[in-house]
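Enquirer: Sharing final.cif (mmCIF, C-alpha atoms) below.
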data_data
loop_
_atom_site.group_PDB
_atom_site.id
_atom_site.type_symbol
_atom_site.label_atom_id
_atom_site.label_comp_id
_atom_site.auth_asym_id
_atom_site.auth_seq_id
_atom_site.Cartn_x
_atom_site.Cartn_y
_atom_site.Cartn_z
ATOM 1 C CA MET A 1 -72.216 116.956 -233.652
ATOM 2 C CA GLU A 2 -75.162 115.187 -235.276
ATOM 3 C CA SER A 3 -78.504 114.480 -233.633
ATOM 4 C CA ASN A 4 -81.693 112.923 -234.971
ATOM 5 C CA LYS A 5 -83.576 115.480 -232.860
ATOM 6 C CA ILE A 6 -82.223 118.511 -234.732
ATOM 7 C CA LYS A 7 -82.256 119.233 -238.448
ATOM 8 C CA GLY A 8 -78.961 121.008 -238.846
ATOM 9 C CA GLU A 9 -76.000 121.625 -236.566
ATOM 10 C CA ALA A 10 -76.461 120.285 -233.049
ATOM 11 C CA LYS A 11 -74.513 121.094 -229.903
ATOM 12 C CA SER A 12 -74.474 119.659 -226.404
ATOM 13 C CA LEU A 13 -74.089 120.985 -222.880
ATOM 14 C CA VAL A 14 -73.520 118.986 -219.706
ATOM 15 C CA LEU A 15 -75.338 120.407 -216.687
ATOM 16 C CA ASP A 16 -73.833 120.418 -213.206
ATOM 17 C CA ASN A 17 -75.851 117.273 -212.370
ATOM 18 C CA GLY A 18 -74.226 115.389 -215.251
ATOM 19 C CA ILE A 19 -77.231 115.468 -217.566
ATOM 20 C CA GLU A 20 -76.326 116.202 -221.197
ATOM 21 C CA LEU A 21 -78.712 118.397 -223.168
ATOM 22 C CA THR A 22 -78.760 118.713 -226.947
ATOM 23 C CA TYR A 23 -79.470 122.096 -228.484
ATOM 24 C CA CYS A 24 -79.138 124.261 -231.566
ATOM 25 C CA GLU A 25 -78.051 127.890 -231.751
ATOM 26 C CA LEU A 26 -78.987 130.444 -234.403
ATOM 27 C CA GLY A 27 -78.669 134.191 -234.855
ATOM 28 C CA LYS A 28 -75.559 134.573 -232.718
ATOM 29 C CA GLU A 29 -75.031 138.059 -234.121
ATOM 30 C CA ASN A 30 -78.171 139.308 -232.354
ATOM 31 C CA LYS A 31 -78.278 140.639 -228.799
ATOM 32 C CA GLU A 32 -81.660 139.678 -227.333
ATOM 33 C CA ILE A 33 -82.159 135.989 -226.596
ATOM 34 C CA ILE A 34 -85.059 133.662 -227.317
ATOM 35 C CA ILE A 35 -85.173 130.245 -225.668
ATOM 36 C CA SER A 36 -87.370 127.530 -227.159
ATOM 37 C CA GLY A 37 -87.883 123.973 -225.971
ATOM 38 C CA ALA A 38 -89.201 120.985 -227.932
ATOM 39 C CA PHE A 39 -88.797 117.230 -228.280
ATOM 40 C CA TYR A 40 -87.212 117.821 -231.686
ATOM 41 C CA PHE A 41 -86.365 120.624 -234.089
ATOM 42 C CA HIS A 42 -87.184 119.424 -237.578
ATOM 43 C CA THR A 43 -90.455 120.869 -238.837
ATOM 44 C CA PHE A 44 -90.195 123.683 -236.273
ATOM 45 C CA MET A 45 -86.739 124.669 -237.523
ATOM 46 C CA PRO A 46 -88.075 127.130 -240.159
ATOM 47 C CA VAL A 47 -89.713 129.069 -237.318
ATOM 48 C CA LEU A 48 -86.424 129.215 -235.387
ATOM 49 C CA GLU A 49 -84.602 130.357 -238.521
ATOM 50 C CA LEU A 50 -87.082 133.198 -238.979
ATOM 51 C CA LEU A 51 -86.833 134.194 -235.307
ATOM 52 C CA ALA A 52 -83.033 134.193 -235.650
ATOM 53 C CA GLU A 53 -83.242 137.034 -238.156
ATOM 54 C CA LYS A 54 -83.834 139.343 -235.169
ATOM 55 C CA TYR A 55 -82.920 137.319 -232.063
ATOM 56 C CA HIS A 56 -80.203 135.033 -230.725
ATOM 57 C CA VAL A 57 -82.115 131.746 -230.575
ATOM 58 C CA TYR A 58 -81.425 128.578 -228.588
ATOM 59 C CA GLY A 59 -83.552 125.517 -229.323
ATOM 60 C CA ILE A 60 -83.204 123.028 -226.441
ATOM 61 C CA VAL A 61 -84.249 119.403 -226.813
ATOM 62 C CA MET A 62 -86.587 118.276 -224.040
ATOM 63 C CA ARG A 63 -85.186 114.873 -223.123
ATOM 64 C CA MET A 64 -87.344 111.841 -222.377
ATOM 65 C CA ASP A 65 -84.765 109.620 -220.725
ATOM 66 C CA GLY A 66 -82.010 109.754 -218.143
ATOM 67 C CA GLU A 67 -82.140 110.799 -214.509
ATOM 68 C CA ILE A 68 -85.260 112.592 -213.310
ATOM 69 C CA SER A 69 -85.358 114.496 -210.015
ATOM 70 C CA GLU A 70 -88.748 116.204 -210.279
ATOM 71 C CA ARG A 71 -91.664 114.380 -208.660
ATOM 72 C CA SER A 72 -95.370 114.974 -208.199
ATOM 73 C CA ALA A 73 -96.993 114.886 -204.755
ATOM 74 C CA ASP A 74 -97.651 111.156 -205.129
ATOM 75 C CA GLY A 75 -93.985 110.478 -205.846
ATOM 76 C CA SER A 76 -94.441 109.794 -209.559
ATOM 77 C CA ASN A 77 -92.114 111.211 -212.214
ATOM 78 C CA ASN A 78 -93.052 114.728 -213.244
ATOM 79 C CA TRP A 79 -91.629 115.328 -216.725
ATOM 80 C CA PRO A 80 -93.118 118.803 -217.284
ATOM 81 C CA ARG A 81 -91.280 120.073 -214.215
ATOM 82 C CA GLN A 82 -88.131 118.205 -215.239
ATOM 83 C CA TRP A 83 -88.139 119.797 -218.684
ATOM 84 C CA GLY A 84 -88.531 123.205 -217.087
ATOM 85 C CA LYS A 85 -85.755 122.584 -214.607
ATOM 86 C CA ASP A 86 -83.434 121.345 -217.359
ATOM 87 C CA VAL A 87 -84.061 124.388 -219.542
ATOM 88 C CA TYR A 88 -83.627 126.838 -216.663
ATOM 89 C CA GLU A 89 -80.375 125.172 -215.599
ATOM 90 C CA PHE A 90 -79.221 125.331 -219.222
ATOM 91 C CA THR A 91 -79.699 129.093 -219.245
ATOM 92 C CA GLN A 92 -77.813 129.481 -215.969
ATOM 93 C CA LYS A 93 -74.946 127.302 -217.175
ATOM 94 C CA MET A 94 -74.739 129.427 -220.326
ATOM 95 C CA GLY A 95 -74.816 132.668 -218.322
ATOM 96 C CA ILE A 96 -78.165 133.747 -219.772
ATOM 97 C CA ASN A 97 -79.940 135.771 -217.117
ATOM 98 C CA LYS A 98 -82.811 137.365 -219.096
ATOM 99 C CA PHE A 99 -84.571 135.964 -222.138
ATOM 100 C CA HIS A 100 -87.788 135.675 -224.087
ATOM 101 C CA TYR A 101 -89.359 132.229 -224.181
ATOM 102 C CA VAL A 102 -91.197 131.048 -227.311
ATOM 103 C CA GLY A 103 -92.803 127.608 -227.111
ATOM 104 C CA LYS A 104 -95.389 125.666 -229.060
ATOM 105 C CA CYS A 105 -97.604 122.929 -227.562
ATOM 106 C CA HIS A 106 -95.388 120.693 -225.356
ATOM 107 C CA GLY A 107 -92.633 123.243 -225.901
ATOM 108 C CA THR A 108 -94.524 125.768 -223.764
ATOM 109 C CA LEU A 109 -94.054 123.692 -220.603
ATOM 110 C CA PRO A 110 -90.492 124.805 -219.735
ATOM 111 C CA GLY A 111 -91.609 128.413 -220.163
ATOM 112 C CA TRP A 112 -94.459 127.998 -217.708
ATOM 113 C CA TYR A 113 -92.180 126.191 -215.235
ATOM 114 C CA ILE A 114 -89.791 129.146 -215.377
ATOM 115 C CA ALA A 115 -92.686 131.621 -215.077
ATOM 116 C CA ARG A 116 -93.804 129.858 -211.898
ATOM 117 C CA ASN A 117 -90.405 129.245 -210.317
ATOM 118 C CA HIS A 118 -87.981 131.805 -211.784
ATOM 119 C CA PRO A 119 -90.070 134.706 -213.153
ATOM 120 C CA GLU A 120 -87.169 137.123 -212.843
ATOM 121 C CA ALA A 121 -85.484 135.379 -215.794
ATOM 122 C CA LEU A 122 -88.328 135.923 -218.278
ATOM 123 C CA MET A 123 -88.741 139.022 -220.414
ATOM 124 C CA SER A 124 -91.825 137.541 -222.092
ATOM 125 C CA LEU A 125 -93.563 134.196 -222.627
ATOM 126 C CA ALA A 126 -95.119 133.144 -225.934
ATOM 127 C CA SER A 127 -97.374 130.178 -225.146
ATOM 128 C CA PHE A 128 -98.503 129.053 -228.587
ATOM 129 C CA PHE A 129 -101.250 126.444 -229.119
ATOM 130 C CA LEU A 130 -101.313 125.389 -225.449
ATOM 131 C CA SER A 131 -102.383 127.159 -222.269
ATOM 132 C CA PRO A 132 -102.047 126.013 -218.652
ATOM 133 C CA HIS A 133 -105.040 123.799 -217.924
ATOM 134 C CA VAL A 134 -107.523 124.866 -215.269
ATOM 135 C CA THR A 135 -110.428 122.533 -216.152
ATOM 136 C CA GLU A 136 -110.959 118.996 -217.358
ATOM 137 C CA PRO A 137 -110.875 118.571 -221.159
ATOM 138 C CA ASN A 138 -114.027 118.970 -223.224
ATOM 139 C CA ASP A 139 -113.000 115.981 -225.337
ATOM 140 C CA ARG A 140 -110.081 113.592 -225.860
ATOM 141 C CA TYR A 141 -110.326 113.319 -229.627
ATOM 142 C CA TRP A 142 -106.755 114.204 -230.593
ATOM 143 C CA MET A 143 -104.929 112.384 -227.795
ATOM 144 C CA THR A 144 -107.114 109.320 -228.366
ATOM 145 C CA LEU A 145 -105.924 109.189 -231.966
ATOM 146 C CA LEU A 146 -102.320 109.249 -230.730
ATOM 147 C CA THR A 147 -102.761 106.681 -227.968
ATOM 148 C CA ASP A 148 -104.715 104.380 -230.306
ATOM 149 C CA GLY A 149 -101.777 104.259 -232.677
ATOM 150 C CA LYS A 150 -103.373 106.479 -235.319
ATOM 151 C CA ALA A 151 -100.505 108.952 -235.510
ATOM 152 C CA GLN A 152 -100.898 109.634 -239.223
ATOM 153 C CA GLU A 153 -104.569 110.522 -238.832
ATOM 154 C CA ALA A 154 -103.721 112.694 -235.806
ATOM 155 C CA MET A 155 -101.171 114.597 -237.868
ATOM 156 C CA ARG A 156 -103.495 114.855 -240.877
ATOM 157 C CA VAL A 157 -106.304 116.525 -238.919
ATOM 158 C CA ALA A 158 -103.741 118.866 -237.357
ATOM 159 C CA LEU A 159 -102.724 120.243 -240.775
ATOM 160 C CA ARG A 160 -104.589 122.784 -242.866
ATOM 161 C CA LYS A 161 -102.492 121.707 -245.872
ATOM 162 C CA PRO A 162 -101.876 117.963 -245.328
ATOM 163 C CA GLU A 163 -100.974 117.446 -248.976
ATOM 164 C CA GLU A 164 -97.852 119.541 -248.310
ATOM 165 C CA GLY A 165 -96.976 118.837 -244.697
ATOM 166 C CA LEU A 166 -98.041 115.303 -243.793
ATOM 167 C CA LYS A 167 -95.080 113.548 -245.401
ATOM 168 C CA LYS A 168 -92.622 115.870 -243.636
ATOM 169 C CA LYS A 169 -94.330 115.350 -240.276
ATOM 170 C CA MET A 170 -94.391 111.564 -240.575
ATOM 171 C CA GLU A 171 -90.717 111.528 -241.584
ATOM 172 C CA GLU A 172 -89.962 113.606 -238.504
ATOM 173 C CA LEU A 173 -91.826 111.207 -236.208
ATOM 174 C CA ALA A 174 -90.070 108.229 -237.781
ATOM 175 C CA ALA A 175 -86.691 109.759 -236.944
ATOM 176 C CA LEU A 176 -87.451 109.872 -233.215
ATOM 177 C CA GLY A 177 -86.653 106.822 -231.170
ATOM 178 C CA ASN A 178 -87.490 107.564 -227.544
ATOM 179 C CA VAL A 179 -90.837 109.377 -227.799
ATOM 180 C CA SER A 180 -92.633 106.078 -228.311
ATOM 181 C CA SER A 181 -90.368 104.299 -225.817
ATOM 182 C CA ASN A 182 -91.429 106.609 -222.967
ATOM 183 C CA PRO A 183 -95.236 106.790 -223.093
ATOM 184 C CA GLU A 184 -95.361 108.333 -219.602
ATOM 185 C CA ALA A 185 -93.482 111.429 -220.753
ATOM 186 C CA GLY A 186 -95.420 111.529 -224.019
ATOM 187 C CA ILE A 187 -98.775 111.565 -222.235
ATOM 188 C CA GLN A 188 -97.563 114.166 -219.715
ATOM 189 C CA ALA A 189 -96.541 116.471 -222.569
ATOM 190 C CA GLU A 190 -100.174 117.575 -222.835
ATOM 191 C CA GLN A 191 -100.617 118.024 -219.084
ATOM 192 C CA SER A 192 -99.439 121.549 -218.405
ATOM 193 C CA SER A 193 -101.212 121.530 -215.027
ATOM 194 C CA LEU A 194 -98.538 119.150 -213.674
ATOM 195 C CA ILE A 195 -96.224 122.134 -213.304
ATOM 196 C CA TRP A 196 -98.484 123.256 -210.445
ATOM 197 C CA ASP A 197 -99.854 121.240 -207.525
ATOM 198 C CA ASN A 198 -103.507 121.943 -208.318
ATOM 199 C CA ALA A 199 -105.841 123.993 -210.508
ATOM 200 C CA ASP A 200 -106.183 126.733 -207.903
ATOM 201 C CA GLU A 201 -102.431 127.346 -208.098
ATOM 202 C CA VAL A 202 -102.634 127.525 -211.889
ATOM 203 C CA LYS A 203 -105.379 130.146 -211.640
ATOM 204 C CA GLN A 204 -103.442 132.132 -209.075
ATOM 205 C CA THR A 205 -100.378 132.225 -211.321
ATOM 206 C CA LEU A 206 -102.329 133.326 -214.392
ATOM 207 C CA GLU A 207 -104.347 135.976 -212.575
ATOM 208 C CA ASN A 208 -101.282 137.517 -210.923
ATOM 209 C CA ILE A 209 -98.492 137.018 -213.450
ATOM 210 C CA ASN A 210 -96.345 140.084 -214.176
ATOM 211 C CA ILE A 211 -94.631 138.656 -217.255
ATOM 212 C CA PRO A 212 -96.012 139.557 -220.711
ATOM 213 C CA VAL A 213 -97.821 136.477 -222.044
ATOM 214 C CA CYS A 214 -99.107 135.734 -225.530
ATOM 215 C CA TYR A 215 -101.464 132.925 -226.502
ATOM 216 C CA LEU A 216 -101.808 131.855 -230.130
ATOM 217 C CA PHE A 217 -104.527 129.405 -231.184
ATOM 218 C CA GLY A 218 -106.144 128.189 -234.382
ATOM 219 C CA THR A 219 -109.904 127.697 -234.457
ATOM 220 C CA GLU A 220 -109.576 124.362 -236.283
ATOM 221 C CA ASP A 221 -106.878 122.950 -234.000
ATOM 222 C CA PRO A 222 -108.221 119.681 -232.553
ATOM 223 C CA LEU A 223 -106.188 120.190 -229.378
ATOM 224 C CA PHE A 224 -107.627 123.701 -228.940
ATOM 225 C CA ASN A 225 -111.136 122.278 -229.192
ATOM 226 C CA ASP A 226 -110.387 119.349 -226.870
ATOM 227 C CA TRP A 227 -109.413 121.916 -224.200
ATOM 228 C CA ARG A 228 -111.738 124.719 -225.313
ATOM 229 C CA ASP A 229 -113.060 125.727 -221.846
ATOM 230 C CA SER A 230 -109.602 125.724 -220.305
ATOM 231 C CA ASN A 231 -108.105 127.718 -223.183
ATOM 232 C CA LEU A 232 -110.875 130.306 -223.041
ATOM 233 C CA TRP A 233 -110.462 130.629 -219.273
ATOM 234 C CA ALA A 234 -106.747 131.294 -219.737
ATOM 235 C CA ILE A 235 -107.410 133.839 -222.484
ATOM 236 C CA MET A 236 -109.887 135.705 -220.301
ATOM 237 C CA HIS A 237 -108.023 135.543 -216.993
ATOM 238 C CA THR A 238 -104.283 135.725 -217.679
ATOM 239 C CA LYS A 239 -103.228 139.137 -216.407
ATOM 240 C CA GLY A 240 -102.478 141.480 -219.314
ATOM 241 C CA ALA A 241 -102.240 138.679 -221.870
ATOM 242 C CA ARG A 242 -102.246 139.186 -225.615
ATOM 243 C CA SER A 243 -104.409 136.482 -227.213
ATOM 244 C CA VAL A 244 -104.571 135.740 -230.937
ATOM 245 C CA VAL A 245 -107.097 133.276 -232.367
ATOM 246 C CA LEU A 246 -106.632 132.620 -236.067
ATOM 247 C CA GLY A 247 -109.612 131.392 -238.032
ATOM 248 C CA GLY A 248 -109.018 128.167 -239.914
ATOM 249 C CA GLU A 249 -105.529 127.423 -238.587
ATOM 250 C CA ARG A 250 -104.700 124.054 -237.057
ATOM 251 C CA HIS A 251 -102.194 122.583 -234.633
ATOM 252 C CA LEU A 252 -99.232 122.150 -236.974
ATOM 253 C CA MET A 253 -99.181 125.753 -238.066
ATOM 254 C CA GLU A 254 -95.367 125.698 -238.216
ATOM 255 C CA LEU A 255 -95.750 123.418 -241.249
ATOM 256 C CA ASP A 256 -98.691 125.198 -242.843
ATOM 257 C CA THR A 257 -97.292 128.714 -242.445
ATOM 258 C CA PRO A 258 -94.096 129.136 -240.373
ATOM 259 C CA GLU A 259 -93.890 132.804 -241.359
ATOM 260 C CA ARG A 260 -97.144 133.511 -239.553
ATOM 261 C CA VAL A 261 -95.951 131.819 -236.346
ATOM 262 C CA ALA A 262 -92.724 133.825 -236.333
ATOM 263 C CA GLN A 263 -94.557 137.044 -237.162
ATOM 264 C CA GLU A 264 -96.899 136.625 -234.200
ATOM 265 C CA ALA A 265 -93.859 136.163 -231.947
ATOM 266 C CA PHE A 266 -92.218 139.297 -233.364
ATOM 267 C CA ILE A 267 -95.351 141.409 -232.905
ATOM 268 C CA PHE A 268 -95.857 140.168 -229.347
ATOM 269 C CA ILE A 269 -92.271 140.735 -228.208
ATOM 270 C CA GLU A 270 -92.189 144.241 -229.629
ATOM 271 C CA GLU A 271 -95.593 145.055 -228.114
ATOM 272 C CA SER A 272 -94.444 143.708 -224.733
ATOM 273 C CA LYS A 273 -91.807 146.428 -224.548
ATOM 274 C CA LYS A 274 -94.382 149.224 -224.704
ATOM 275 C CA SER A 275 -96.260 150.745 -221.799
ATOM 276 C CA TYR A 276 -99.913 151.219 -222.671
#
Write out the structure in this file as structure tokens.
Expert:
Amino acid sequence: MESNKIKGEAKSLVLDNGIELTYCELGKENKEIIISGAFYFHTFMPVLELLAEKYHVYGIVMRMDGEISERSADGSNNWPRQWGKDVYEFTQKMGINKFHYVGKCHGTLPGWYIARNHPEALMSLASFFLSPHVTEPNDRYWMTLLTDGKAQEAMRVALRKPEEGLKKKMEELAALGNVSSNPEAGIQAEQSSLIWDNADEVKQTLENINIPVCYLFGTEDPLFNDWRDSNLWAIMHTKGARSVVLGGERHLMELDTPERVAQEAFIFIEESKKSY
């Protein structure tokens, strides 16, 4: 099937609740499984292709429409929990009981939902360019650009090599219909704390987690700097975490250097299997 959310072959799976999820599958010849969630797999596809050289990779589209069953305490829609629930139910429907999770930015949210609610399923969790939030943001620079309709400027400052990647990123955004039509879900994509009921629960999870976790950040990432205190708290307090901070890299590292993103995932997963 074809999908504007996936660059390449797309597949679909209907969950037991009737919700249809779109996904891609690569590296079927490999044994160990990596699950990755995202709104779309265009500019992130080179990373999946590299990961598929060693792992059986499923890229699952995080939907922004259709029925939603997950709610916050005030009764409002909770999309981060819904994305996590969808991805977990996908794995169960596919008979995948143990897997590595590799996510970037909003794509980390299903991984953290599974870490909180179904930790037995995770072999490791790569939380790249976004950590669970435990404090208020230091600034709102990057999200303000997006909410003020300055998407091109937001993407430009997120690229170390905008002369190479900006056109590809803007073409990707133009291909997506429902991100802009569901601003609630779009805004919640940054709010990892919604997976938990409060900041104390976030801290408790990070301080006591028994799943190998890896954080990857770039020092010039505007989203890293908007949430600097929260990111540093997570780096310092996530039990046993591996944390990599790359000087000069920005938020759209998958466009600037996809090989480096995949390599950090490879190193982390292999290191997670060792007992130090």
Enquirer: Name the residues that the PyMOL selection byres ((chain A and resi 241) around 6) pulls out of this structure, and write them as a list in words.
Expert: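 With the PyMOL selection byres ((chain A and resi 241) around 6) on this model, the match is Val213, Cys214, Thr238, Lys239, Gly240 and Arg242 of chain A.
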Enquirer: Take the PyMOL selection byres ((chain A and resi 272) around 10), run it mentally on this structure, and tell me the resulting residues as a list in words.
Expert: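 Evaluating the PyMOL selection byres ((chain A and resi 272) around 10) on these coordinates yields Met123, Ser124, Leu125, Ile211, Pro212, Val213, Cys214, Gly240, Ala241, Arg242, Phe266, Ile267, Phe268, Ile269, Glu270, Glu271, Lys273, Lys274, Ser275 and Tyr276 of chain A.
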Enquirer: Which residues match the PyMOL selection byres ((chain A and resi 152) around 12) in the file above, as a PDB file with C-alpha atoms, keeping the file's coordinate frame?
Expert:
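File produced: part_17.pdb:
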ATOM      1  CA  TRP A 142    -106.755 114.204-230.593  1.00  0.00           C
ATOM      2  CA  LEU A 145    -105.924 109.189-231.966  1.00  0.00           C
ATOM      3  CA  LEU A 146    -102.320 109.249-230.730  1.00  0.00           C
ATOM      4  CA  THR A 147    -102.761 106.681-227.968  1.00  0.00           C
ATOM      5  CA  ASP A 148    -104.715 104.380-230.306  1.00  0.00           C
ATOM      6  CA  GLY A 149    -101.777 104.259-232.677  1.00  0.00           C
ATOM      7  CA  LYS A 150    -103.373 106.479-235.319  1.00  0.00           C
ATOM      8  CA  ALA A 151    -100.505 108.952-235.510  1.00  0.00           C
ATOM      9  CA  GLU A 153    -104.569 110.522-238.832  1.00  0.00           C
ATOM     10  CA  ALA A 154    -103.721 112.694-235.806  1.00  0.00           C
ATOM     11  CA  MET A 155    -101.171 114.597-237.868  1.00  0.00           C
ATOM     12  CA  ARG A 156    -103.495 114.855-240.877  1.00  0.00           C
ATOM     13  CA  VAL A 157    -106.304 116.525-238.919  1.00  0.00           C
ATOM     14  CA  ALA A 158    -103.741 118.866-237.357  1.00  0.00           C
ATOM     15  CA  LEU A 159    -102.724 120.243-240.775  1.00  0.00           C
ATOM     16  CA  PRO A 162    -101.876 117.963-245.328  1.00  0.00           C
ATOM     17  CA  GLY A 165     -96.976 118.837-244.697  1.00  0.00           C
ATOM     18  CA  LEU A 166     -98.041 115.303-243.793  1.00  0.00           C
ATOM     19  CA  LYS A 167     -95.080 113.548-245.401  1.00  0.00           C
ATOM     20  CA  LYS A 168     -92.622 115.870-243.636  1.00  0.00           C
ATOM     21  CA  LYS A 169     -94.330 115.350-240.276  1.00  0.00           C
ATOM     22  CA  MET A 170     -94.391 111.564-240.575  1.00  0.00           C
ATOM     23  CA  GLU A 171     -90.717 111.528-241.584  1.00  0.00           C
ATOM     24  CA  GLU A 172     -89.962 113.606-238.504  1.00  0.00           C
ATOM     25  CA  LEU A 173     -91.826 111.207-236.208  1.00  0.00           C
ATOM     26  CA  ALA A 174     -90.070 108.229-237.781  1.00  0.00           C
TER      27      ALA A 174
END
Enquirer: If I take atom CA of Leu122 of chain A and atom CA of Leu50 of chain A, how far is one from the other in Å, to one decimal?
Expert: 20.9 Å
Enquirer: Mind giving me the straight-line distance from atom CA of Glu254 of chain A to atom CA of Phe44 of chain A in Å, one decimal?
Expert: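 Computing the Euclidean distance for atom CA of Glu254 of chain A and atom CA of Phe44 of chain A yields 5.9 Å.
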Enquirer: Go through A:Leu223, A:Val87, A:Val261, A:Ile114 one by one, measure the shortest atom-to-atom distance of each to Val14 of chain A using all atoms listed in the file, and give the residue with the smallest value.
Expert: A:Val87
Enquirer: Need the shell around Ile96 of chain A: protein/DNA/RNA residues with any atom at most 12 Å away, counting only C-alpha atoms. Skip same-chain ones fewer than 2 positions apart. Format as an NGL selection string?
Expert: :A and (31-35 or 56-58 or 87-94 or 98-100 or 120-123)
Enquirer: One decimal, in Å: what's the spacing between atom CA of Leu109 of chain A and atom CA of Gly27 of chain A?
Expert: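 That distance, rounded to one decimal, is 23.5 Å.
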Enquirer: Need the shell around Gly84 of chain A: protein/DNA/RNA residues with any atom at most 12 Å away, counting all atoms listed in the file. Skip same-chain ones fewer than 4 positions apart. Format as number ranges by chain?
Expert: A: 35-38, 60-63, 68-70, 78-80, 88-91, 101, 103, 106-118, 189, 192, 194-196
Enquirer: When you look at Asp226 of chain A with a cut-off of 6 Å (counting all atoms listed in the file), what residues show up, excluding the ones that are within fewer than 3 positions of it in the same chain? I need them as a PyMOL selection string.
Expert: chain A and resi 137-140+223
Enquirer: Between A:Asp65, A:Glu25, A:Glu164, A:Asp16, which is the closest to Asp256 of chain A once you count only C-alpha atoms?
Expert: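 Using only C-alpha atoms, the shortest distance to Asp256 of chain A belongs to A:Glu164.
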